[in-house]
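Undergrad: I'd like to ask you about the structure that follows.
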Amino acid sequence: MEKKPTNGDSRHKLLDRALSRHQGRPEALIEVLHTAQDVFGYIPRDVLAYIAAALDIPKSRVFGVASYYPLFSLTPPASHTLTVCMGTACYVNGAAALLEEAKRACGCADGDEITEVRAAHCLGSCGRGPLLKVDQRTVVDADRDAVRREVAAFEEHSHDD
Amino acid sequence: MHEIRTLSIDGQMISASADATILEAAREHGISIPTLCHLDGLSDVGACRLCLVEIEGQNRLQPACVTRVEEHMVVRTTSARLKKYRRMLLELLFSEGNHVCAVCVANRNCELQNLAADAGMDHVRFDYLHPACTTDATHDRFVLDHNRCILCARCVRVCDEIEAASTLAVAGRGSQSWIVSDLQDSWGDARSCTSCGKCLLVCPTGSLFEKGHTSTDPERKEDFLRYIVNANRRKG
Amino acid sequence: MSVLKSLATVWLSGCTGCHMSLLDCDETLLALPGKARIVYSPLADIKVFPENVDITLVEGAVATDADAALLHRVRKHTETLVAFGDCAVSGNITAMRNGLPNTAVLSRGYGAVGLEMGTVPEDGIPVLNETVLPVHRLVDVDVFLPSCPPSPAMICYVLDELLAGRTPQLNREQMRHG
Amino acid sequence: MTIEELYRIGALYRDQLATFRAQIQLCGSGTCRSAGAEELQRAFETACEEAGVRAEIRVVMTGCMGLCGSGPLVRIEPGDTMYVHVSPQDAPRIVRDHVLENSPVTEQRLPDDNTFYGRQTPVVLEHMGRIDPESIEDYIAHGGYEALAKAVTYQTPESIILEIRHAGLRGRGGGGYATGLKWDIVRRGSAEQKYVVCNADEGDPGAFMDRAMLEGNPHSILEGMAIAGYAVGATQGFVSVRGEYPLAVQRMRRAIAEAERKQLLGNRIFDSGFSFRVDLRMGAGAFVCGEETALLRSIEGKRGQPAPRPPYPSHAGLWEKPTVVNNVETFANVAPIIRRGARWFGEIGTARSKGTKVFALAGRVRNTGLIEVPMGTTLREVIFDIGGGISGDGTFKAVQTGGPSGGCIPEQHLDIPVDYESLAQAGSIMGSGGIIVMDNSSCMVDIASYFMEFCRTESCGKCVPCRVGTVQMSRILERIKCGRATEQDMETLEELCVMVKDTSLCGLGQAAPNPVISALHFFRPEFERHYRDHVCDAGICRFDDPEHGVEPAHEKGEGAHA
């Protein structure tokens with residue numbers, strides 16, 4: 001039986017609550033992984049082991065599921081994420097140039113490793129593309145300037161810290 | 001008493017039990033259909049697509065390994081189109097991994113290599129992708145070489161369905177899939193592994209092999225699975 | 001009187017194993033001058049690949065700028081081009097360096113033969129291409145002769161057929177890579 | 001809960017609404033929220049407060065109002081007046097002039113003669129953008145759950161299926177399979193346990209119909225699912241919502257909880273013998289989970305990889321039990337059909353495609369947004385009348401339907417009616433309803449390559465042709481884009497298209513070549529100009545960059561670096 005990774009952490013209480021809500025049923029694996037992703041920001045290895053034991057699923061299968069789905073991350077996230085929507089509507093409205101700009105702009109900030117640039121397949125606000133997602137906030141009708149502005153804001157933030 | 005179906009495969013009238021697959025019916029009557037992900041004794045997944053056959057009246061090609069026989073079914077297992085597709089599928093597999101037969105432990109004893117020869121694959125037209133893969137030699141006795149893996153998942157199924165250790169699984173997805181042991185542990189550290197070696201016996205290529213051997217056992221996958229499955233059935 | 005077909009063999013980046021196998025044809029080789037004129041080969045001292053060659057066996061993969069240049073000349077002046085052995089057909093062992101940076105390959109190669117580690121000569125050697133390619137990725141190939149190396153019997157069969165003006169039909173064993 | 005109680009709840013809520021002097025409805029779709037709808041809501045509440053009429057005015061956040069490109073959107077009732085591009089500064093004036101003085105503000109007002117709304121036939125979107133998606137009472141006040149009440153109280157499962165079959169409802173997820181037929185197969189299945197699954201794992205890039213419906217009227221989906229459950233004999237439903245839509249997840253969770261509290265889901269619904277529960281499952285970002293067998297595996301908590309069909313889910317679905325799998329819009333059509341009858345429904349649409357279709361209209365078109373039109377409406381009407389034509393100063397080039405499984409349709413086919421068969425004939429598919437308009441700033445080689453790249457990254461990896469074939473096709477397209485392709489490459493590409501289509505295990509792989517096939521069919525000269533002359537008419541592709549198109553060694557997954 002896997003031990004709980006650390007004790008007294010409120011995040012583990014949330015995880016345990018999710019596990020008990022699903023009464024340890026193996027089919028709840030993805031729901032529980034969602035909870036883990038939410039509370040930890042990614043799914044640490046010891047949490048995977050803990051979930052495998054709690055749901056009585058072979059470790060390899062838990063890893064197989066966790067590594068299959070793009071919304072689950074097995075490595076710690078950067079402190080900021082800049083997501084450029086590459087849905088078709090955004091794409092025909094110039095999202096590729098935005099992505100390039102985002103990579104270029106964050107390349108400058110690479111030294112601090114604060115920002116991760118991602119391309120999303122579609123964020124579902126196609127009527128107002130191109131879209132930019134700055135951490136959890138969505139910017140509609142984005143352009144290169146918007147990208148530069150957001151990256152600059154990140155950098156300012158990191159200097160404040 | 002089994003219900004019996006009568007059907008035609010490559011013009012030959014044959015009868016088969018109603019729950020038989022086209023593949024089983026064909027092989028029972030000496031008609032060979034190429035397979036790679038299928039192995040008698042393991043569940044079928046229909047993934048390699050080599051056993052696709054034409055069925056009269058159906059637009060889509062069907063995998064013989066999972067398609068049940070039906071009364072009056074007319075099946076063709078070879079045609080110019082099927083031959084072409086099989087060769088292309090093999091070319092795709094060769095292009096995807098690092099299959100350097102000359103330096104492979106399974107050379108001359110490899111299902112992939114044999115199937116390519118059967119299909120007349122004298123060269124591969126697609127880009128060789130040359131993936132940068134690793135080899136896991138941390139286990140005391142066994143080696144897993146990702147370079148030669150074709151993701152047929154026979155090792156995963158035998159580990160799960162026969163040995164019930166479930167040490168191995170497919171991780172990732174798409175062209176970024178790989179075989180993993182436990183939580184991406186080195187194989188040597190995967191505590192669930194019983195070192196039974198069944199995965200080596202079912203591997204169609206040289207991806208899984210025993211340390212210290214320069215060639216794989218030519219009989220490796222032939223009989224042991226049927227023996228175990230039958231033994232389990234007798235007990236059950 | 002010149003009814004003899006012209007035959008060339010070319011060695012790109014490979015181990016010469018295919019040429020060794022050709023030499024292993026033993027007494028069959030002795031009959032060859034009666035059937036073909038050998039106009040170019042690493043086994044003969046001819047500097048420039050000639051024009052109007054009937055049959056060329058190409059051993060090895062395309063790994064350098066020199067390989068590519070020679071291959072293009074070969075294709076231009078050859079009627080029937082044979083990809084001779086696995087390196088020519090698939091890249092084979094030669095292509096196992098694909099995926100590694102050239103600098104790593106060179107320093108390992110030159111370091112390993114006793115020179116000072118990492119001292120890579122800059123002049124007088126062909127420039128490594130980034131990716132080793134099989135012959136057919138650069139030029140059209142008429143006959144593929146896989147195996148590592150092709151057996152003497154296989155080579156004799158293919159040469160006999162080509163010299164007789166026929167297209168060789170490889171059987172299942174001859175089609176095998178490795 | 002009885003029918004009488006349901007009516008009472010509805011009447012009570014309508015009475016309550018009638019006490020308001022006016023309603024300020026704000027579009028609360030994810031899109032309009034991103035455009036500032038929440039700030040706008042506060043501005044209107046403040047404006048009402050400052051005018052001293054906070055208690056008399058209902059300021060409410062609704063679901064999607066449709067005209068996404070012009071958001072944030074506001075509607076004033078009574079009068080059904082719409083305002084577009086509303087900013088917080090506009091709020092006091094709209095409250096003062098329009099709501100209090102009854103003289104509508106001219107700026108920002110959507111003209112009454114606009115063609116965007118005028119040409120639509122809302123059936124599943126009837127109450128969208130008008131009701132509060134977080135209030136079950138509001139849904140009930142608009143006739144919600146009456147169809148369910150009617151079904152379980154007065155109708156037999158057989159008669160419901162007959163009604164759906166007579167209506168001619170076909171799957172709105174894109175397949176177009178007859179819904180009634182599917183339900184009938186499940187109903188006749190002998191298993192004790194059966195399931196109803198709502199496929200809300202919307203993944204087509206450029207499509208947001210499901211998102212809008214989940215966010216804007218979740219109860220209409222639940223009601224349809226419950227009716228389906230009654231019809232087929234299922235007691236458990238699952239709605240699998242795309243994980244990238246947090247608001248949709250939140251609204252659907254809330255709707256399920258509310259419906260349970262009101263006993264519209266749960267045991268003995270409307271005091272009948274019918275019990276039905278719904279659980280929500282959150283998708284985790286795999287596009288292939290839109291494929292039904294993959295979706296079922298993911299609901300079971302496994303890797304969402306497709307399995308060969310047969311067996312179809314109607315015979316062996318979730319945990320091998322007979323399972324109805326329908327799309328969001330399909331379920332949303334059920335209650336209207338039961339409430340108003342198959343004949344009414346059958347009068348909308350064409351002979352073989354009945355009813356309406358919801359589309360997400362986006363790309364280089366003036367009016368982007370969510371629309372609902374009768375089947376058989378032409379693409380030209382959709383793009384030029386409802387959509388208002390090309391935005392900016394470009395000219396129309398192509399319209400893409402069906403997402404990564406569909407194709408691009410050029411100008412000469414714009415007059416085809418939008419239905420399952422006609423679109424297929426034009427080399428595309430209906431798909432789930434994304435319509436992306438492209439002008440001359442789009443390069444068709446680039447678009448073909450874009451979709452192939454999408455399929456490559458979304459391939460589950462199980463079957464060989466899709467896993468490797470998409471990689472190879474992607475590489476060839478990339479070579480064409482940078483002028484490094486040969487005639488041989490073009491031949492290989494076309495061979496791969498046919499082979500991957502014919503041999504792949506599931507719909508994703510089988511349809512992956514479609515965008516390329518359609519682009520080659522209609523725009524072949526563009527491909528030729530790329531690889532022969534190194535010319536890209538749209539100016540997208542670069543031919544001079546020596547680094548571009550030279551790919552680094554193929555990277556593999558974690559196993560490669562471990």
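In the structure tokens, chains take the letters A, B, ... in the order shown, each chain's residues start at 1, and ligands count up from 1 in the order shown.
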I need the chain A residues near chain B as a list in words; criterion: at most 7 Å, counting only C-alpha atoms.
TA: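 Going by the stated atoms only, the list reads Pro58, Lys59, Ser60, Arg61, Phe63, Gly64, Ser67 and Tyr68 of chain A.
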Undergrad: So that I have them on file, write out the residues from the current selection with N, CA and C atoms, as a PDB file, in the first residue's frame.
TA:
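Final output, saved to result_10.pdb:
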ATOM      1  N   PRO A  58      -3.653  -1.075 -11.497  1.00  0.00           N
ATOM      2  CA  PRO A  58      -2.206  -1.227 -11.688  1.00  0.00           C
ATOM      3  C   PRO A  58      -1.551   0.119 -12.001  1.00  0.00           C
ATOM      4  N   LYS A  59      -0.368   0.311 -11.453  1.00  0.00           N
ATOM      5  CA  LYS A  59       0.342   1.583 -11.645  1.00  0.00           C
ATOM      6  C   LYS A  59       0.530   1.908 -13.118  1.00  0.00           C
ATOM      7  N   SER A  60       0.883   0.879 -13.893  1.00  0.00           N
ATOM      8  CA  SER A  60       1.166   1.139 -15.307  1.00  0.00           C
ATOM      9  C   SER A  60      -0.076   1.693 -15.994  1.00  0.00           C
ATOM     10  N   ARG A  61      -1.244   1.207 -15.582  1.00  0.00           N
ATOM     11  CA  ARG A  61      -2.458   1.667 -16.230  1.00  0.00           C
ATOM     12  C   ARG A  61      -2.781   3.103 -15.824  1.00  0.00           C
ATOM     13  N   PHE A  63      -0.593   5.302 -15.081  1.00  0.00           N
ATOM     14  CA  PHE A  63       0.338   6.137 -15.847  1.00  0.00           C
ATOM     15  C   PHE A  63      -0.112   6.233 -17.305  1.00  0.00           C
ATOM     16  N   GLY A  64      -0.593   5.105 -17.835  1.00  0.00           N
ATOM     17  CA  GLY A  64      -1.075   5.083 -19.216  1.00  0.00           C
ATOM     18  C   GLY A  64      -2.200   6.085 -19.436  1.00  0.00           C
ATOM     19  N   SER A  67      -0.932   9.845 -18.867  1.00  0.00           N
ATOM     20  CA  SER A  67      -0.067  10.355 -19.933  1.00  0.00           C
ATOM     21  C   SER A  67      -0.797  10.430 -21.271  1.00  0.00           C
ATOM     22  N   TYR A  68      -1.992   9.849 -21.325  1.00  0.00           N
ATOM     23  CA  TYR A  68      -2.756   9.844 -22.577  1.00  0.00           C
ATOM     24  C   TYR A  68      -3.466  11.169 -22.816  1.00  0.00           C
TER      25      TYR A  68
END
Undergrad: Check chain A with DSSP on the backbone and list each residue it calls strand (DSSP E), as number ranges by chain.
TA: A: 80-85, 115-120, 132-134, 137-139
Undergrad: Since we have the selection now, will you write its residues out, keeping N, CA, C and O atoms, as an mmCIF file, in the first residue's frame?
TA:
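Contents of again.cif, freshly written:
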data_model
loop_
_atom_site.group_PDB
_atom_site.id
_atom_site.type_symbol
_atom_site.label_atom_id
_atom_site.label_comp_id
_atom_site.auth_asym_id
_atom_site.auth_seq_id
_atom_site.Cartn_x
_atom_site.Cartn_y
_atom_site.Cartn_z
ATOM 1 N N HIS A 80 3.549 31.101 -15.297
ATOM 2 C CA HIS A 80 2.513 31.665 -16.159
ATOM 3 C C HIS A 80 2.409 30.865 -17.442
ATOM 4 O O HIS A 80 3.402 30.352 -17.938
ATOM 5 N N THR A 81 1.197 30.804 -17.957
ATOM 6 C CA THR A 81 0.993 30.131 -19.227
ATOM 7 C C THR A 81 0.325 31.088 -20.201
ATOM 8 O O THR A 81 -0.643 31.757 -19.865
ATOM 9 N N LEU A 82 0.880 31.146 -21.386
ATOM 10 C CA LEU A 82 0.295 31.945 -22.450
ATOM 11 C C LEU A 82 -0.176 30.950 -23.501
ATOM 12 O O LEU A 82 0.630 30.246 -24.106
ATOM 13 N N THR A 83 -1.490 30.870 -23.678
ATOM 14 C CA THR A 83 -2.024 29.905 -24.627
ATOM 15 C C THR A 83 -2.580 30.640 -25.837
ATOM 16 O O THR A 83 -3.404 31.535 -25.693
ATOM 17 N N VAL A 84 -2.107 30.273 -26.999
ATOM 18 C CA VAL A 84 -2.642 30.860 -28.226
ATOM 19 C C VAL A 84 -3.595 29.838 -28.823
ATOM 20 O O VAL A 84 -3.235 28.681 -29.021
ATOM 21 N N CYS A 85 -4.834 30.264 -29.091
ATOM 22 C CA CYS A 85 -5.802 29.348 -29.679
ATOM 23 C C CYS A 85 -5.478 29.157 -31.144
ATOM 24 O O CYS A 85 -5.349 30.124 -31.889
ATOM 25 N N THR A 115 7.428 31.690 -18.093
ATOM 26 C CA THR A 115 6.271 31.588 -18.960
ATOM 27 C C THR A 115 6.362 30.388 -19.887
ATOM 28 O O THR A 115 7.395 30.118 -20.479
ATOM 29 N N GLU A 116 5.249 29.684 -19.996
ATOM 30 C CA GLU A 116 5.178 28.590 -20.942
ATOM 31 C C GLU A 116 4.211 29.012 -22.044
ATOM 32 O O GLU A 116 3.123 29.521 -21.767
ATOM 33 N N VAL A 117 4.614 28.824 -23.291
ATOM 34 C CA VAL A 117 3.727 29.139 -24.410
ATOM 35 C C VAL A 117 3.111 27.851 -24.913
ATOM 36 O O VAL A 117 3.814 26.864 -25.135
ATOM 37 N N ARG A 118 1.810 27.868 -25.045
ATOM 38 C CA ARG A 118 1.125 26.675 -25.543
ATOM 39 C C ARG A 118 0.240 27.036 -26.717
ATOM 40 O O ARG A 118 -0.214 28.170 -26.835
ATOM 41 N N ALA A 119 -0.023 26.043 -27.557
ATOM 42 C CA ALA A 119 -1.008 26.206 -28.622
ATOM 43 C C ALA A 119 -2.200 25.344 -28.259
ATOM 44 O O ALA A 119 -2.040 24.167 -27.968
ATOM 45 N N ALA A 120 -3.402 25.927 -28.238
ATOM 46 C CA ALA A 120 -4.599 25.146 -27.926
ATOM 47 C C ALA A 120 -5.292 24.781 -29.222
ATOM 48 O O ALA A 120 -5.201 25.515 -30.206
ATOM 49 N N LEU A 132 -6.423 34.585 -27.033
ATOM 50 C CA LEU A 132 -5.202 34.418 -26.261
ATOM 51 C C LEU A 132 -5.665 34.094 -24.854
ATOM 52 O O LEU A 132 -6.586 34.747 -24.345
ATOM 53 N N LYS A 133 -5.081 33.063 -24.261
ATOM 54 C CA LYS A 133 -5.457 32.778 -22.881
ATOM 55 C C LYS A 133 -4.244 33.056 -22.007
ATOM 56 O O LYS A 133 -3.173 32.495 -22.225
ATOM 57 N N VAL A 134 -4.451 33.947 -21.075
ATOM 58 C CA VAL A 134 -3.367 34.355 -20.204
ATOM 59 C C VAL A 134 -3.665 33.738 -18.850
ATOM 60 O O VAL A 134 -4.602 34.158 -18.178
ATOM 61 N N ARG A 137 -7.378 33.648 -17.881
ATOM 62 C CA ARG A 137 -8.184 34.725 -18.459
ATOM 63 C C ARG A 137 -8.081 34.699 -19.981
ATOM 64 O O ARG A 137 -7.003 34.531 -20.532
ATOM 65 N N THR A 138 -9.234 34.858 -20.646
ATOM 66 C CA THR A 138 -9.244 34.828 -22.102
ATOM 67 C C THR A 138 -9.311 36.235 -22.677
ATOM 68 O O THR A 138 -10.131 37.045 -22.250
ATOM 69 N N VAL A 139 -8.434 36.511 -23.630
ATOM 70 C CA VAL A 139 -8.439 37.805 -24.315
ATOM 71 C C VAL A 139 -8.992 37.574 -25.712
ATOM 72 O O VAL A 139 -8.477 36.743 -26.462
#
Undergrad: Return as JSON lines the residues of chain A lying at most 6 Å from chain D, together with the closest atom-to-atom pair for each and the distance in Å to one decimal, counting only C-alpha atoms, with rows in chain order and ascending residue number.
TA:
{"residue": "A:Glu27", "atom": "CA", "partner": "D:Gly301", "partner_atom": "CA", "distance": 4.4}
{"residue": "A:Ala28", "atom": "CA", "partner": "D:Gly301", "partner_atom": "CA", "distance": 5.8}
{"residue": "A:Leu29", "atom": "CA", "partner": "D:Gly301", "partner_atom": "CA", "distance": 5.2}
{"residue": "A:Ile30", "atom": "CA", "partner": "D:Gly301", "partner_atom": "CA", "distance": 5.2}
{"residue": "A:Val65", "atom": "CA", "partner": "D:Arg303", "partner_atom": "CA", "distance": 5.1}
{"residue": "A:Tyr69", "atom": "CA", "partner": "D:Ala284", "partner_atom": "CA", "distance": 5.5}
{"residue": "A:Pro70", "atom": "CA", "partner": "D:Gly285", "partner_atom": "CA", "distance": 5.3}
{"residue": "A:Leu71", "atom": "CA", "partner": "D:Ala284", "partner_atom": "CA", "distance": 5.0}
{"residue": "A:Gly87", "atom": "CA", "partner": "D:Pro205", "partner_atom": "CA", "distance": 4.4}
{"residue": "A:Thr88", "atom": "CA", "partner": "D:Gly206", "partner_atom": "CA", "distance": 4.9}
{"residue": "A:Ala89", "atom": "CA", "partner": "D:Gly363", "partner_atom": "CA", "distance": 4.5}
{"residue": "A:Cys122", "atom": "CA", "partner": "D:Pro205", "partner_atom": "CA", "distance": 4.9}
{"residue": "A:Gly124", "atom": "CA", "partner": "D:Phe208", "partner_atom": "CA", "distance": 5.0}
{"residue": "A:Ser125", "atom": "CA", "partner": "D:Thr31", "partner_atom": "CA", "distance": 5.1}
{"residue": "A:Cys126", "atom": "CA", "partner": "D:Gly206", "partner_atom": "CA", "distance": 5.6}
{"residue": "A:Gly127", "atom": "CA", "partner": "D:Thr368", "partner_atom": "CA", "distance": 4.9}
{"residue": "A:Arg128", "atom": "CA", "partner": "D:Gly69", "partner_atom": "CA", "distance": 5.4}
{"residue": "A:Thr138", "atom": "CA", "partner": "D:Ser34", "partner_atom": "CA", "distance": 5.6}
Undergrad: Please dump the current selection as a PDB file, in the first residue's frame; keep N, CA, C and O atoms.
TA:
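Listed below is the output, part_37.pdb:
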ATOM      1  N   GLU A  27     -13.469   3.212 -12.111  1.00  0.00           N
ATOM      2  CA  GLU A  27     -13.893   4.025 -13.253  1.00  0.00           C
ATOM      3  C   GLU A  27     -13.803   5.519 -12.960  1.00  0.00           C
ATOM      4  O   GLU A  27     -13.943   6.342 -13.856  1.00  0.00           O
ATOM      5  N   ALA A  28     -13.579   5.850 -11.678  1.00  0.00           N
ATOM      6  CA  ALA A  28     -13.464   7.266 -11.328  1.00  0.00           C
ATOM      7  C   ALA A  28     -12.060   7.808 -11.584  1.00  0.00           C
ATOM      8  O   ALA A  28     -11.778   8.963 -11.290  1.00  0.00           O
ATOM      9  N   LEU A  29     -11.178   6.988 -12.155  1.00  0.00           N
ATOM     10  CA  LEU A  29      -9.774   7.397 -12.303  1.00  0.00           C
ATOM     11  C   LEU A  29      -9.616   8.787 -12.936  1.00  0.00           C
ATOM     12  O   LEU A  29      -8.901   9.639 -12.400  1.00  0.00           O
ATOM     13  N   ILE A  30     -10.293   9.007 -14.055  1.00  0.00           N
ATOM     14  CA  ILE A  30     -10.098  10.288 -14.748  1.00  0.00           C
ATOM     15  C   ILE A  30     -10.625  11.452 -13.903  1.00  0.00           C
ATOM     16  O   ILE A  30      -9.992  12.511 -13.819  1.00  0.00           O
ATOM     17  N   VAL A  65      -3.118   6.157 -18.473  1.00  0.00           N
ATOM     18  CA  VAL A  65      -4.252   7.085 -18.601  1.00  0.00           C
ATOM     19  C   VAL A  65      -3.774   8.526 -18.408  1.00  0.00           C
ATOM     20  O   VAL A  65      -4.100   9.413 -19.193  1.00  0.00           O
ATOM     21  N   TYR A  69      -3.978  11.755 -21.742  1.00  0.00           N
ATOM     22  CA  TYR A  69      -4.830  12.930 -21.890  1.00  0.00           C
ATOM     23  C   TYR A  69      -4.042  14.232 -21.752  1.00  0.00           C
ATOM     24  O   TYR A  69      -3.358  14.444 -20.746  1.00  0.00           O
ATOM     25  N   PRO A  70      -4.185  15.116 -22.738  1.00  0.00           N
ATOM     26  CA  PRO A  70      -3.398  16.356 -22.743  1.00  0.00           C
ATOM     27  C   PRO A  70      -3.680  17.294 -21.570  1.00  0.00           C
ATOM     28  O   PRO A  70      -2.824  18.093 -21.221  1.00  0.00           O
ATOM     29  N   LEU A  71      -4.875  17.200 -20.960  1.00  0.00           N
ATOM     30  CA  LEU A  71      -5.152  18.136 -19.858  1.00  0.00           C
ATOM     31  C   LEU A  71      -4.405  17.764 -18.578  1.00  0.00           C
ATOM     32  O   LEU A  71      -4.371  18.536 -17.638  1.00  0.00           O
ATOM     33  N   GLY A  87      -7.443  27.149 -33.043  1.00  0.00           N
ATOM     34  CA  GLY A  87      -8.664  26.654 -33.683  1.00  0.00           C
ATOM     35  C   GLY A  87      -8.743  27.219 -35.095  1.00  0.00           C
ATOM     36  O   GLY A  87      -8.093  28.219 -35.413  1.00  0.00           O
ATOM     37  N   THR A  88      -9.557  26.586 -35.931  1.00  0.00           N
ATOM     38  CA  THR A  88      -9.573  26.970 -37.342  1.00  0.00           C
ATOM     39  C   THR A  88      -9.935  28.436 -37.538  1.00  0.00           C
ATOM     40  O   THR A  88      -9.326  29.142 -38.342  1.00  0.00           O
ATOM     41  N   ALA A  89     -10.941  28.907 -36.794  1.00  0.00           N
ATOM     42  CA  ALA A  89     -11.373  30.288 -36.969  1.00  0.00           C
ATOM     43  C   ALA A  89     -10.251  31.251 -36.566  1.00  0.00           C
ATOM     44  O   ALA A  89      -9.988  32.242 -37.246  1.00  0.00           O
ATOM     45  N   CYS A 122      -8.588  24.455 -29.703  1.00  0.00           N
ATOM     46  CA  CYS A 122      -9.734  25.349 -29.862  1.00  0.00           C
ATOM     47  C   CYS A 122     -10.254  25.680 -28.484  1.00  0.00           C
ATOM     48  O   CYS A 122     -10.464  24.800 -27.665  1.00  0.00           O
ATOM     49  N   GLY A 124     -13.046  27.521 -28.152  1.00  0.00           N
ATOM     50  CA  GLY A 124     -14.502  27.567 -28.252  1.00  0.00           C
ATOM     51  C   GLY A 124     -15.120  28.954 -28.211  1.00  0.00           C
ATOM     52  O   GLY A 124     -16.310  29.094 -27.980  1.00  0.00           O
ATOM     53  N   SER A 125     -14.320  29.995 -28.408  1.00  0.00           N
ATOM     54  CA  SER A 125     -14.893  31.341 -28.561  1.00  0.00           C
ATOM     55  C   SER A 125     -14.566  31.845 -29.961  1.00  0.00           C
ATOM     56  O   SER A 125     -14.034  32.937 -30.146  1.00  0.00           O
ATOM     57  N   CYS A 126     -14.894  31.018 -30.933  1.00  0.00           N
ATOM     58  CA  CYS A 126     -14.426  31.219 -32.302  1.00  0.00           C
ATOM     59  C   CYS A 126     -14.935  32.502 -32.935  1.00  0.00           C
ATOM     60  O   CYS A 126     -14.365  32.995 -33.897  1.00  0.00           O
ATOM     61  N   GLY A 127     -16.023  33.041 -32.406  1.00  0.00           N
ATOM     62  CA  GLY A 127     -16.590  34.259 -32.973  1.00  0.00           C
ATOM     63  C   GLY A 127     -15.731  35.486 -32.718  1.00  0.00           C
ATOM     64  O   GLY A 127     -15.932  36.526 -33.333  1.00  0.00           O
ATOM     65  N   ARG A 128     -14.783  35.387 -31.791  1.00  0.00           N
ATOM     66  CA  ARG A 128     -13.978  36.560 -31.440  1.00  0.00           C
ATOM     67  C   ARG A 128     -12.486  36.291 -31.541  1.00  0.00           C
ATOM     68  O   ARG A 128     -11.691  36.853 -30.810  1.00  0.00           O
ATOM     69  N   THR A 138      -9.234  34.858 -20.646  1.00  0.00           N
ATOM     70  CA  THR A 138      -9.244  34.828 -22.102  1.00  0.00           C
ATOM     71  C   THR A 138      -9.311  36.235 -22.677  1.00  0.00           C
ATOM     72  O   THR A 138     -10.131  37.045 -22.250  1.00  0.00           O
TER      73      THR A 138
END
Undergrad: If we count only C-alpha atoms, what is near Asn129 (chain C) at a cut-off of 12 Å, once residues fewer than 4 positions away on the same chain are taken out, given as a PyMOL selection string?
TA: chain C and resi 13+61-69+94-95+97-103+105-106+133
Undergrad: Hey, what's within 9 Å of Ile22 (chain B) if we count only C-alpha atoms and toss same-chain stuff fewer than 2 positions away? As a PyMOL selection string, please?
TA: chain B and resi 9+16+20+24-27+53+63-70+75
Undergrad: Could you list, as a VMD selection string, every residue within 8 Å of Asp141 (chain A), counting only C-alpha atoms and ignoring same-chain residues fewer than 4 positions away?
TA: chain A and resid 128 to 131
Undergrad: Take the residues that were just selected and, keeping N, CA, C and O atoms, output them as a PDB file, in the first residue's frame.
TA:
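File part-v6.pdb, as written:
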ATOM      1  N   ARG A 128     -14.783  35.387 -31.791  1.00  0.00           N
ATOM      2  CA  ARG A 128     -13.978  36.560 -31.440  1.00  0.00           C
ATOM      3  C   ARG A 128     -12.486  36.291 -31.541  1.00  0.00           C
ATOM      4  O   ARG A 128     -11.691  36.853 -30.810  1.00  0.00           O
ATOM      5  N   GLY A 129     -12.114  35.394 -32.469  1.00  0.00           N
ATOM      6  CA  GLY A 129     -10.703  35.061 -32.605  1.00  0.00           C
ATOM      7  C   GLY A 129      -9.922  36.151 -33.276  1.00  0.00           C
ATOM      8  O   GLY A 129     -10.513  37.040 -33.878  1.00  0.00           O
ATOM      9  N   PRO A 130      -8.595  36.131 -33.200  1.00  0.00           N
ATOM     10  CA  PRO A 130      -7.798  35.138 -32.470  1.00  0.00           C
ATOM     11  C   PRO A 130      -7.883  35.324 -30.959  1.00  0.00           C
ATOM     12  O   PRO A 130      -8.005  36.455 -30.489  1.00  0.00           O
ATOM     13  N   LEU A 131      -7.825  34.197 -30.264  1.00  0.00           N
ATOM     14  CA  LEU A 131      -7.921  34.229 -28.812  1.00  0.00           C
ATOM     15  C   LEU A 131      -6.564  33.983 -28.177  1.00  0.00           C
ATOM     16  O   LEU A 131      -5.736  33.244 -28.703  1.00  0.00           O
TER      17      LEU A 131
END
Undergrad: As number ranges by chain, please: every residue in region 1-139 of chain B that a backbone DSSP assignment puts in helix (DSSP H, G or I).
TA: B: 22-28, 80-96, 101-103, 111-118
Undergrad: Set the distance at 8 Å and use only C-alpha atoms: which residues neighbour Gln113 (chain B) once local chain neighbours fewer than 5 positions away are removed? I'd like the list as a VMD selection string.
TA: (chain B and resid 101 107 to 108) or (chain C and resid 176 to 177)
Undergrad: Write out as a PyMOL selection string each polymer residue whose atoms come within 12 Å of His166 (chain D), counting only C-alpha atoms; drop sequence neighbours fewer than 3 positions from it.
TA: chain D and resi 159-163+169-170+178-181+337-338+341-347+352+354-355
